[in-house]
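Engineer: Quick one: the structure is below, and I'll ask about it shortly.
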Amino acid sequence: MHRNTTDWYRQIHLKPDSALAASRWNTAKSFSEKLNRDSVLGMIRLFLGLPNGMDFHRRMTDEVLAIDPEFPISDNLQELRLMAGLVMVTTFEPDAPFGPAMALGVKSACFENQKAAPIQQEIAEEANSYLFVEGERKRPRTMPSEQPELVNLKARLKTITASETDEAKIKTASNAFSRSVLAAIEAIAERSTARIEQLAEESDLLWWLLCGRCDSLACQVSTLSAAEYVLPLALDLSSRTSISPPPPSYPALVQKAISGTSDWQDEFPFSDFLKATTSQWRSELPNGYTDCLDLLPVTLAIAKFHESGDVDTTQRLIQSVSDLNLNKSFSPVVVADQYYIELLFLDCLNNL
């Protein structure tokens, strides 16, 4: 159980004892084993207090009750929202399949969203911490000088040698050694593949920065204004991020890339970023987001601007689900960071 579970309940005016908190945590663990794309999106909305539809509330209540018959059946919105948060936290584990999508979704949905109110702010902070820690763990700076599997093989080989003429012991040790060889090969191959993927990602990112080229617009960054480059920058960077979660250094990568334009330190109305895109560029963007546009404020604005071609119409189209003010000024770095996170979130969802 997470060390703060009991305290999280107390902070939303629920009063569990440690046994009830442990029970709810175990329920969350069991629930997380049945997650899919639809339930991930529902959990994010429920945790943030965003419109989700009563069907999802009823369905989640039924699914939780099937695991924990003592869970309240009615007047349980606060409990459901915290349960959604607990389910999230249970996915914040190394190599967990749903962890990156959960954490990126929370981060994405909170941008310029006054409606987003996490039931427990500490859980939202856990999501950010998970992204940093897991992103760093998947990109180790060094490799161990000696593989642990090889150490194990050497120890087993010594056992065979030490057995001398005892045929029974030699046979047992030899069988164990044979099994260990296969396991060692698989483990080392897996670790080596991950290392190669890491180095390939790093190399791709560094060459991209060094060359100063915008692939999605097929031109040099130096020929673009900051407004023209912001959204294509995020697209180029996301296409080169092959490991999820993203590297903790991504804000520095964004800033380094955008600094290739002359006016990157200025602020611009968000509408300028939309108007700087071309219809062709917008039409080639990743899709598969119609079920989660309310969690993707920048993607929503781009999609509606592509439909209407007009900023005022776009503002009217998005205002029912997004608080993003298209006339508000933002720094290019902030917008690029946000769109990058949205694109990674979409990629995670599409791979569930």
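All residue names refer to the structure tokens as shown: chains lettered A, B, ... in order, residues numbered from 1 in each chain, ligands numbered from 1 in order.
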I want to know what sits within 8 Å of stretch 211-225 of chain A, based on only C-alpha atoms, with residues of the same chain fewer than 6 positions away left out; could you give that as a count of residues only?
Structural biologist: 11
Engineer: Write out as a tab-separated table a residue-level contact list of stretch 71-155 of chain A versus stretch 15-39 of chain A with cut-off 10 Å: for each qualifying residue the closest pair of atoms and the distance in Å to one decimal, counting only C-alpha atoms, rows sorted by chain and residue number upward.
Structural biologist:
residue	atom	partner	partner_atom	distance
A:Phe71	CA	A:Arg24	CA	8.4
A:Glu79	CA	A:Arg24	CA	9.7
A:Leu82	CA	A:Arg24	CA	9.8
A:Met83	CA	A:Ala28	CA	6.5
A:Ala84	CA	A:Ala28	CA	7.9
A:Gly85	CA	A:Ala28	CA	8.8
A:Leu86	CA	A:Ala28	CA	5.9
A:Val87	CA	A:Ala28	CA	4.7
A:Met88	CA	A:Ser32	CA	7.9
A:Val89	CA	A:Ala28	CA	8.8
A:Thr90	CA	A:Lys29	CA	5.9
A:Thr91	CA	A:Ser32	CA	7.0
A:Pro97	CA	A:Leu35	CA	9.7
A:Phe98	CA	A:Leu35	CA	7.8
A:Ala101	CA	A:Arg37	CA	9.1
Engineer: If you count only C-alpha atoms, which residues fall within 9 Å of A:Thr314, apart from same-chain ones fewer than 6 positions away, as a list in words?
Structural biologist: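 What passes the distance filter is Ala301, Ile302, Ala303, Lys304, Phe305, His306, Glu307, Ser308 and Leu326 of chain A.
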Engineer: Store the residues picked out above, limited to N, CA and C atoms, as a JSON list (two decimals), in the first residue's frame.
Structural biologist:
[["chain", "number", "residue", "atom", "x", "y", "z"],
["A", 301, "ALA", "N", -7.72, 22.62, -30.28],
["A", 301, "ALA", "CA", -7.71, 23.92, -30.96],
["A", 301, "ALA", "C", -7.23, 23.78, -32.40],
["A", 302, "ILE", "N", -6.20, 22.96, -32.63],
["A", 302, "ILE", "CA", -5.69, 22.75, -33.99],
["A", 302, "ILE", "C", -6.77, 22.09, -34.85],
["A", 303, "ALA", "N", -7.43, 21.07, -34.31],
["A", 303, "ALA", "CA", -8.44, 20.34, -35.08],
["A", 303, "ALA", "C", -9.61, 21.25, -35.46],
["A", 304, "LYS", "N", -10.08, 22.06, -34.52],
["A", 304, "LYS", "CA", -11.22, 22.93, -34.80],
["A", 304, "LYS", "C", -10.84, 24.09, -35.72],
["A", 305, "PHE", "N", -9.60, 24.55, -35.59],
["A", 305, "PHE", "CA", -9.13, 25.59, -36.52],
["A", 305, "PHE", "C", -9.01, 25.03, -37.93],
["A", 306, "HIS", "N", -8.61, 23.78, -38.02],
["A", 306, "HIS", "CA", -8.51, 23.14, -39.34],
["A", 306, "HIS", "C", -9.89, 23.01, -39.98],
["A", 307, "GLU", "N", -10.91, 22.75, -39.14],
["A", 307, "GLU", "CA", -12.28, 22.63, -39.65],
["A", 307, "GLU", "C", -12.81, 23.98, -40.11],
["A", 308, "SER", "N", -12.56, 25.03, -39.31],
["A", 308, "SER", "CA", -13.20, 26.32, -39.56],
["A", 308, "SER", "C", -12.34, 27.31, -40.32],
["A", 326, "LEU", "N", -7.80, 31.71, -26.86],
["A", 326, "LEU", "CA", -6.95, 31.85, -28.04],
["A", 326, "LEU", "C", -6.33, 33.24, -28.15]]
Engineer: Applying 7 Å and only C-alpha atoms, which residues near stretch 330-342 of chain A remain after dropping the ones on its own chain fewer than 4 positions away? List them as a list of chain:residue names.
Structural biologist: A:Leu104, A:Ser108, A:Ala226, A:Ala227, A:Val230, A:Leu231, A:Leu233, A:Ala234, A:Leu235, A:Ser238, A:Pro251, A:Val254, A:Gln255, A:Trp264, A:Gln265, A:Asp266, A:Glu267, A:Phe268, A:Pro269, A:Phe270, A:Leu296, A:Val298, A:Leu346
Engineer: Keeping N, CA and C atoms, export the residues of the selection given above as a CSV table (one decimal), in the first residue's frame.
Structural biologist:
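Okay, this is what ended up in part.csv:
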chain,number,residue,atom,x,y,z
A,104,LEU,N,0.8,11.0,-18.2
A,104,LEU,CA,0.8,12.0,-19.3
A,104,LEU,C,-0.6,12.6,-19.5
A,108,SER,N,-1.4,16.5,-19.4
A,108,SER,CA,-2.0,17.1,-20.6
A,108,SER,C,-3.3,17.8,-20.3
A,226,ALA,N,9.3,32.0,-34.5
A,226,ALA,CA,8.9,31.2,-33.4
A,226,ALA,C,7.5,30.7,-33.5
A,227,ALA,N,6.6,31.5,-33.9
A,227,ALA,CA,5.2,31.1,-34.1
A,227,ALA,C,5.0,30.0,-35.1
A,230,VAL,N,6.7,26.5,-33.4
A,230,VAL,CA,6.3,25.9,-32.2
A,230,VAL,C,5.6,24.6,-32.3
A,231,LEU,N,4.6,24.5,-33.1
A,231,LEU,CA,3.8,23.2,-33.2
A,231,LEU,C,4.6,22.2,-34.0
A,233,LEU,N,7.7,21.9,-34.1
A,233,LEU,CA,8.8,21.5,-33.2
A,233,LEU,C,8.3,20.3,-32.3
A,234,ALA,N,7.2,20.5,-31.7
A,234,ALA,CA,6.6,19.4,-30.8
A,234,ALA,C,6.4,18.1,-31.6
A,235,LEU,N,5.9,18.3,-32.8
A,235,LEU,CA,5.7,17.1,-33.7
A,235,LEU,C,7.0,16.4,-34.0
A,238,SER,N,8.4,14.7,-30.8
A,238,SER,CA,7.6,13.5,-30.4
A,238,SER,C,7.9,12.3,-31.3
A,251,PRO,N,12.3,19.6,-21.5
A,251,PRO,CA,12.2,21.0,-21.6
A,251,PRO,C,13.4,21.7,-22.1
A,254,VAL,N,13.4,21.3,-25.9
A,254,VAL,CA,12.5,22.2,-26.6
A,254,VAL,C,13.1,23.6,-26.6
A,255,GLN,N,13.6,24.1,-25.5
A,255,GLN,CA,14.2,25.4,-25.5
A,255,GLN,C,15.4,25.6,-26.5
A,264,TRP,N,12.2,33.8,-30.3
A,264,TRP,CA,11.7,32.8,-29.5
A,264,TRP,C,11.4,33.2,-28.1
A,265,GLN,N,12.0,34.3,-27.6
A,265,GLN,CA,11.8,34.8,-26.3
A,265,GLN,C,10.6,35.7,-26.1
A,266,ASP,N,9.9,36.0,-27.2
A,266,ASP,CA,8.7,36.8,-27.2
A,266,ASP,C,7.5,36.0,-26.8
A,267,GLU,N,6.4,36.6,-26.4
A,267,GLU,CA,5.1,35.9,-26.2
A,267,GLU,C,4.2,36.3,-27.3
A,268,PHE,N,3.3,35.3,-27.7
A,268,PHE,CA,2.4,35.5,-28.8
A,268,PHE,C,1.0,35.1,-28.3
A,269,PRO,N,-0.1,35.7,-28.9
A,269,PRO,CA,-1.4,35.1,-28.7
A,269,PRO,C,-1.5,33.7,-29.2
A,270,PHE,N,-2.2,32.8,-28.5
A,270,PHE,CA,-2.2,31.4,-29.0
A,270,PHE,C,-2.7,31.4,-30.4
A,296,LEU,N,-7.0,17.2,-24.5
A,296,LEU,CA,-6.0,17.6,-25.4
A,296,LEU,C,-6.2,19.0,-25.9
A,298,VAL,N,-4.5,21.7,-26.8
A,298,VAL,CA,-3.8,22.2,-28.0
A,298,VAL,C,-4.3,21.5,-29.3
A,346,LEU,N,-1.2,10.7,-26.7
A,346,LEU,CA,-1.9,10.1,-27.8
A,346,LEU,C,-1.2,8.8,-28.2
Engineer: Identify, with DSSP run on backbone atoms, the residues in stretch 180-220 of chain A assigned to alpha helix (DSSP H), and express the list as a PyMOL selection string.
Structural biologist: chain A and resi 180-211
Engineer: Identify, with DSSP run on backbone atoms, the residues in stretch 114-277 of chain A assigned to strand (DSSP E), and express the list as a list in words.
Structural biologist: Arg213, Cys214, Cys219, Gln220, Phe268 and Pro269 of chain A
Engineer: Store the residues of this selection in a file with C-alpha atoms, as a PDB file, in the first residue's frame.
Structural biologist:
ATOM      1  CA  ARG A 213      16.110  21.314 -39.433  1.00  0.00           C
ATOM      2  CA  CYS A 214      12.329  21.132 -39.152  1.00  0.00           C
ATOM      3  CA  CYS A 219      13.121  23.556 -44.021  1.00  0.00           C
ATOM      4  CA  GLN A 220      15.808  24.982 -41.753  1.00  0.00           C
ATOM      5  CA  PHE A 268       2.358  35.495 -28.770  1.00  0.00           C
ATOM      6  CA  PRO A 269      -1.425  35.143 -28.660  1.00  0.00           C
TER       7      PRO A 269
END
Engineer: For each of A:Ser283, A:Ser242, A:Asn128, A:Asn175, take the minimum atom-to-atom distance to A:Leu205, counting only C-alpha atoms, then give the residue where this is smallest.
Structural biologist: A:Ser242
Engineer: What's the separation between atom CA of A:Tyr229 and atom CA of A:Ala103, in Å to one decimal place?
Structural biologist: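 Pair atom CA of A:Tyr229 / atom CA of A:Ala103 returns 26.6 Å.
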Engineer: Quick one: distance from atom CA of A:Glu149 to atom CA of A:Gly135 in Å, one decimal?
Structural biologist: 24.8 Å
Engineer: Got a sec: who's within 7 Å of stretch 52-69 of chain A, counting only C-alpha atoms, leaving out chain neighbours fewer than 3 positions off, as an mmCIF file with C-alpha atoms, in the first residue's frame?
Structural biologist:
data_model
loop_
_atom_site.group_PDB
_atom_site.id
_atom_site.type_symbol
_atom_site.label_atom_id
_atom_site.label_comp_id
_atom_site.auth_asym_id
_atom_site.auth_seq_id
_atom_site.Cartn_x
_atom_site.Cartn_y
_atom_site.Cartn_z
ATOM 1 C CA THR A 27 -9.144 -3.042 -4.663
ATOM 2 C CA GLY A 42 -12.497 7.570 -17.648
ATOM 3 C CA ARG A 45 -11.576 12.471 -16.117
ATOM 4 C CA LEU A 46 -12.963 11.158 -12.855
ATOM 5 C CA ILE A 73 -23.134 1.836 -3.703
#
Engineer: Find the distance between atom CA of A:Lys107 and atom CA of A:Asp272 and write it in Å to one decimal.
Structural biologist: 23.6 Å
